[in-house]
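Q: The following file, input06.pdb, comprises PDB, C-alpha atoms:
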```pdb
ATOM      1  CA  MET A   1     110.720  39.364  27.116
ATOM      2  CA  LYS A   2     108.003  37.340  28.854
ATOM      3  CA  TRP A   3     110.212  36.818  31.876
ATOM      4  CA  LEU A   4     110.526  40.589  32.331
ATOM      5  CA  GLY A   5     106.759  40.998  32.624
ATOM      6  CA  GLY A   6     106.571  38.063  35.029
ATOM      7  CA  ALA A   7     109.390  39.504  37.124
ATOM      8  CA  LEU A   8     107.660  42.901  37.309
ATOM      9  CA  ILE A   9     104.385  41.324  38.386
ATOM     10  CA  ALA A  10     106.103  39.126  40.976
ATOM     11  CA  GLY A  11     108.040  42.110  42.312
ATOM     12  CA  SER A  12     104.922  44.232  42.580
ATOM     13  CA  LEU A  13     103.189  41.452  44.531
ATOM     14  CA  LEU A  14     106.105  40.973  46.920
ATOM     15  CA  LEU A  15     106.759  44.641  47.751
ATOM     16  CA  PRO A  16     103.621  45.960  49.557
ATOM     17  CA  PRO A  17     104.389  44.467  53.009
ATOM     18  CA  PHE A  18     107.862  46.004  52.927
ATOM     19  CA  LEU A  19     107.052  49.472  51.548
ATOM     20  CA  ALA A  20     103.485  50.324  52.518
ATOM     21  CA  GLY A  21     101.618  51.152  55.702
ATOM     22  CA  ASP A  22      98.865  49.044  57.232
ATOM     23  CA  PHE A  23      96.087  50.739  55.217
ATOM     24  CA  TYR A  24      97.717  49.955  51.886
ATOM     25  CA  ILE A  25      98.630  46.422  52.922
ATOM     26  CA  ASN A  26      94.975  45.797  53.868
ATOM     27  CA  LEU A  27      93.904  47.339  50.554
ATOM     28  CA  ALA A  28      96.305  45.054  48.674
ATOM     29  CA  SER A  29      94.885  42.068  50.592
ATOM     30  CA  GLN A  30      91.376  43.021  49.519
ATOM     31  CA  ILE A  31      92.579  43.317  45.916
ATOM     32  CA  LEU A  32      94.012  39.795  46.138
ATOM     33  CA  ILE A  33      90.712  38.491  47.543
ATOM     34  CA  ALA A  34      88.851  40.160  44.653
ATOM     35  CA  ALA A  35      91.305  38.481  42.254
ATOM     36  CA  ILE A  36      90.508  35.075  43.798
ATOM     37  CA  PHE A  37      86.815  35.879  43.300
ATOM     38  CA  ALA A  38      87.494  36.808  39.663
ATOM     39  CA  LEU A  39      89.348  33.523  39.127
ATOM     40  CA  SER A  40      86.305  31.609  40.365
ATOM     41  CA  LEU A  41      84.078  33.570  37.984
ATOM     42  CA  ASN A  42      86.523  32.694  35.188
ATOM     43  CA  LEU A  43      85.921  29.007  35.941
ATOM     44  CA  LEU A  44      82.175  29.480  35.624
ATOM     45  CA  VAL A  45      82.228  31.624  32.485
ATOM     46  CA  GLY A  46      85.359  30.394  30.737
ATOM     47  CA  PHE A  47      85.147  26.653  31.317
ATOM     48  CA  GLY A  48      81.453  26.238  32.096
ATOM     49  CA  GLY A  49      80.196  28.653  29.458
ATOM     50  CA  MET A  50      77.611  30.085  31.864
ATOM     51  CA  THR A  51      77.578  33.849  32.200
ATOM     52  CA  SER A  52      76.115  34.679  35.614
ATOM     53  CA  LEU A  53      75.070  37.970  37.150
ATOM     54  CA  GLY A  54      74.593  36.392  40.570
ATOM     55  CA  HIS A  55      78.057  35.056  41.237
ATOM     56  CA  ALA A  56      78.690  37.453  44.130
ATOM     57  CA  SER A  57      75.764  35.901  45.997
ATOM     58  CA  TYR A  58      77.858  32.873  46.857
ATOM     59  CA  LEU A  59      80.660  35.023  48.250
ATOM     60  CA  GLY A  60      78.148  37.097  50.221
ATOM     61  CA  VAL A  61      76.277  34.146  51.710
ATOM     62  CA  ALA A  62      79.510  32.447  52.757
ATOM     63  CA  ALA A  63      80.814  35.690  54.291
ATOM     64  CA  TYR A  64      77.589  36.410  56.183
ATOM     65  CA  LEU A  65      77.293  32.848  57.455
ATOM     66  CA  SER A  66      80.891  32.827  58.633
ATOM     67  CA  ALA A  67      80.567  36.240  60.274
ATOM     68  CA  LEU A  68      77.322  35.350  62.033
ATOM     69  CA  LEU A  69      78.628  32.015  63.276
ATOM     70  CA  THR A  70      81.889  33.420  64.656
ATOM     71  CA  GLY A  71      80.575  36.784  65.849
ATOM     72  CA  LYS A  72      77.135  36.039  67.262
ATOM     73  CA  TYR A  73      77.095  32.322  67.936
ATOM     74  CA  GLY A  74      80.637  31.713  69.193
ATOM     75  CA  PHE A  75      81.772  29.163  66.620
ATOM     76  CA  GLY A  76      85.476  28.762  65.976
ATOM     77  CA  HIS A  77      86.802  29.855  62.587
ATOM     78  CA  GLY A  78      87.316  26.297  61.331
ATOM     79  CA  ALA A  79      83.844  25.102  62.273
ATOM     80  CA  ALA A  80      82.300  28.301  60.901
ATOM     81  CA  ALA A  81      84.146  27.786  57.617
ATOM     82  CA  LEU A  82      82.821  24.242  57.259
ATOM     83  CA  VAL A  83      79.251  25.257  58.091
ATOM     84  CA  SER A  84      79.343  28.322  55.835
ATOM     85  CA  ILE A  85      80.745  26.303  52.918
ATOM     86  CA  SER A  86      78.035  23.681  53.449
ATOM     87  CA  GLY A  87      75.342  26.349  53.639
ATOM     88  CA  THR A  88      76.615  28.055  50.510
ATOM     89  CA  VAL A  89      76.728  24.750  48.612
ATOM     90  CA  ALA A  90      73.133  24.067  49.695
ATOM     91  CA  MET A  91      72.095  27.519  48.489
ATOM     92  CA  ALA A  92      73.964  26.949  45.199
ATOM     93  CA  GLY A  93      72.151  23.638  44.752
ATOM     94  CA  PHE A  94      68.800  25.329  45.301
ATOM     95  CA  PHE A  95      69.716  28.141  42.902
ATOM     96  CA  GLY A  96      70.961  25.572  40.386
ATOM     97  CA  VAL A  97      67.640  23.742  40.395
ATOM     98  CA  ILE A  98      65.966  27.023  39.480
ATOM     99  CA  ALA A  99      68.502  28.629  37.150
ATOM    100  CA  LEU A 100      69.841  25.660  35.190
ATOM    101  CA  ARG A 101      66.448  25.056  33.610
ATOM    102  CA  ALA A 102      67.036  28.166  31.490
ATOM    103  CA  THR A 103      69.692  29.046  28.933
ATOM    104  CA  GLY A 104      71.091  32.237  27.441
ATOM    105  CA  LEU A 105      69.341  35.434  28.452
ATOM    106  CA  GLY A 106      66.870  33.574  30.660
ATOM    107  CA  PHE A 107      69.724  32.070  32.702
ATOM    108  CA  LEU A 108      71.326  35.505  32.990
ATOM    109  CA  MET A 109      68.118  37.138  34.241
ATOM    110  CA  ILE A 110      67.309  34.334  36.688
ATOM    111  CA  THR A 111      70.773  34.570  38.274
ATOM    112  CA  LEU A 112      70.314  38.345  38.557
ATOM    113  CA  ALA A 113      66.874  37.920  40.157
ATOM    114  CA  LEU A 114      68.113  35.341  42.667
ATOM    115  CA  SER A 115      71.050  37.527  43.665
ATOM    116  CA  GLN A 116      68.722  40.514  44.103
ATOM    117  CA  VAL A 117      66.556  38.435  46.441
ATOM    118  CA  LEU A 118      69.604  37.732  48.599
ATOM    119  CA  TRP A 119      70.688  41.368  48.476
ATOM    120  CA  GLY A 120      67.206  42.420  49.613
ATOM    121  CA  LEU A 121      67.258  39.933  52.477
ATOM    122  CA  ALA A 122      70.699  41.067  53.656
ATOM    123  CA  TYR A 123      69.721  44.715  53.425
ATOM    124  CA  ARG A 124      66.312  44.458  55.075
ATOM    125  CA  MET A 125      67.142  41.968  57.839
ATOM    126  CA  SER A 126      69.080  44.635  59.722
ATOM    127  CA  ASN A 127      68.527  42.963  63.097
ATOM    128  CA  ILE A 128      70.709  40.060  61.875
ATOM    129  CA  THR A 129      73.000  41.536  59.194
ATOM    130  CA  ASN A 130      73.160  45.135  60.457
ATOM    131  CA  GLY A 131      71.847  46.272  57.070
ATOM    132  CA  ASP A 132      74.172  48.304  54.885
ATOM    133  CA  ASN A 133      76.611  48.778  57.782
ATOM    134  CA  GLY A 134      77.541  45.090  57.799
ATOM    135  CA  ILE A 135      78.683  42.968  60.707
ATOM    136  CA  ALA A 136      81.397  44.572  62.822
ATOM    137  CA  GLY A 137      83.845  43.256  65.381
ATOM    138  CA  LEU A 138      85.060  40.226  63.456
ATOM    139  CA  THR A 139      88.398  38.585  64.116
ATOM    140  CA  ARG A 140      90.852  36.980  61.736
ATOM    141  CA  PRO A 141      91.514  33.251  61.993
ATOM    142  CA  ALA A 142      94.762  31.614  63.073
ATOM    143  CA  PRO A 143      95.120  28.595  60.762
ATOM    144  CA  PHE A 144      97.517  25.971  62.121
ATOM    145  CA  GLY A 145      98.545  28.380  64.895
ATOM    146  CA  PHE A 146      99.739  31.166  62.557
ATOM    147  CA  SER A 147      98.178  34.471  63.595
ATOM    148  CA  LEU A 148      96.752  36.558  60.749
ATOM    149  CA  ASP A 149      96.046  39.603  62.937
ATOM    150  CA  ARG A 150      98.850  41.705  61.473
ATOM    151  CA  PRO A 151      98.094  43.161  58.021
ATOM    152  CA  ALA A 152     101.342  41.818  56.546
ATOM    153  CA  SER A 153     100.694  38.236  57.671
ATOM    154  CA  PHE A 154      97.166  38.368  56.269
ATOM    155  CA  TYR A 155      98.573  39.746  52.989
ATOM    156  CA  TRP A 156     101.018  36.815  52.707
ATOM    157  CA  PHE A 157      98.151  34.393  53.409
ATOM    158  CA  ALA A 158      95.971  35.996  50.701
ATOM    159  CA  LEU A 159      98.900  36.045  48.266
ATOM    160  CA  ARG A 160      99.544  32.358  48.880
ATOM    161  CA  SER A 161      95.873  31.626  48.177
ATOM    162  CA  TRP A 162      95.977  33.600  44.936
ATOM    163  CA  ARG A 163      96.986  31.441  42.029
ATOM    164  CA  SER A 164      95.529  30.064  38.853
ATOM    165  CA  PRO A 165      92.953  27.289  39.339
ATOM    166  CA  LEU A 166      94.822  25.280  36.728
ATOM    167  CA  SER A 167      98.206  25.379  38.467
TER
END
```
Re-express the file's structure as structure tokens.
A:
Amino acid sequence: MKWLGGALIAGSLLLPPFLAGDFYINLASQILIAAIFALSLNLLVGFGGMTSLGHASYLGVAAYLSALLTGKYGFGHGAAALVSISGTVAMAGFFGVIALRATGLGFLMITLALSQVLWGLAYRMSNITNGDNGIAGLTRPAPFGFSLDRPASFYWFALRSWRSPLS
């Protein structure tokens, strides 16, 4: 009976590019990206035992850095990815120095406070981040020469990236 559930899930993941329009394919891609984000939170909470309310800060900082570097400063997608990962790791190290001194409820509240600081900066620095409108005019990368401009190709890329961290 387990194989039936697995087959239904696999079928539902393989069908959107063939049956849906561009809007729904993009929506499915965003769902897959949110699932990857949830898997990373599972690593932190499930294996690390640290419940965090500021986990989205890392995703946001990496996204803003990548968008600013490619959109405003003319970096290529690969170089922007390396710099944004490095910047996010540096921010995580700084946050870790502050937050890992506490445990339990204190750790939870410190991670919430640090994420609210970043939210406030992103919201109020509208000359850089465009406030609550976000950064527009971004392009999708072309890793190894494969264009991800079409919604279906980006969906397949996101689906390929979506798997258990233990597999």
Q: Would you list the contacts of stretch 22-37 of chain A as a PyMOL selection string, taking every protein, DNA or RNA residue within 7 Å and counting only C-alpha atoms, but skipping same-chain residues closer than 6 positions in sequence?
A: chain A and resi 16+151-152+155+158-159+162
Q: Record the distance separating atom CA of A:Arg140 and atom CA of A:Leu65, expressed in Å with one decimal.
A: 14.8 Å
Q: Selection in question (the file shown): the PyMOL selection byres ((chain A and resi 83-100) around 8). Which residues does it include, as a PyMOL selection string?
A: chain A and resi 58+61-63+65-66+79-82+101-103+107+110-111+114
Q: Please measure the separation of atom CA of A:Ala142 and atom CA of A:Leu69, giving the value in Å to one decimal.
A: 16.1 Å
Q: Extract, using all atoms listed in the file, all DNA, RNA and protein residues at most 9 Å from A:Gly134, discarding same-chain residues fewer than 2 positions from it, and format them as a list of chain:residue names.
A: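 Result of the neighbour search: A:Tyr64, A:Ala122, A:Tyr123, A:Ser126, A:Thr129, A:Asn130, A:Gly131, A:Asp132, A:Ala136.
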Q: Please produce a file of the residues just selected, as a short mmCIF file (atom, residue, chain, number, x, y, z; two decimals), in the coordinates of the input, where the atoms kept are C-alpha atoms.
A:
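The file below, selection_27.cif, is the result:
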```cif
data_model
loop_
_atom_site.label_atom_id
_atom_site.label_comp_id
_atom_site.auth_asym_id
_atom_site.auth_seq_id
_atom_site.Cartn_x
_atom_site.Cartn_y
_atom_site.Cartn_z
CA TYR A 64 77.59 36.41 56.18
CA ALA A 122 70.70 41.07 53.66
CA TYR A 123 69.72 44.72 53.42
CA SER A 126 69.08 44.64 59.72
CA THR A 129 73.00 41.54 59.19
CA ASN A 130 73.16 45.14 60.46
CA GLY A 131 71.85 46.27 57.07
CA ASP A 132 74.17 48.30 54.88
CA ALA A 136 81.40 44.57 62.82
#
```
Q: Kindly indicate which residue among A:Ile128, A:Leu15, A:Leu138, A:Leu105 lies nearest to A:Gly76, using only C-alpha atoms for the distances.
A: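 Answer, going by the shortest atom-to-atom distance: A:Leu138.
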Q: Can you spell out as a PyMOL selection string the set of residues that the PyMOL selection byres ((chain A and resi 50) around 10) selects in the structure I just provided?
A: chain A and resi 41-49+51-53+100+103-104+107-108
Q: Using atom CA of A:Gly71 and atom CA of A:Asp149 as the two end points, give the distance in Å to one decimal.
A: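 One can read the atom CA of A:Gly71 to atom CA of A:Asp149 distance as 16.0 Å.
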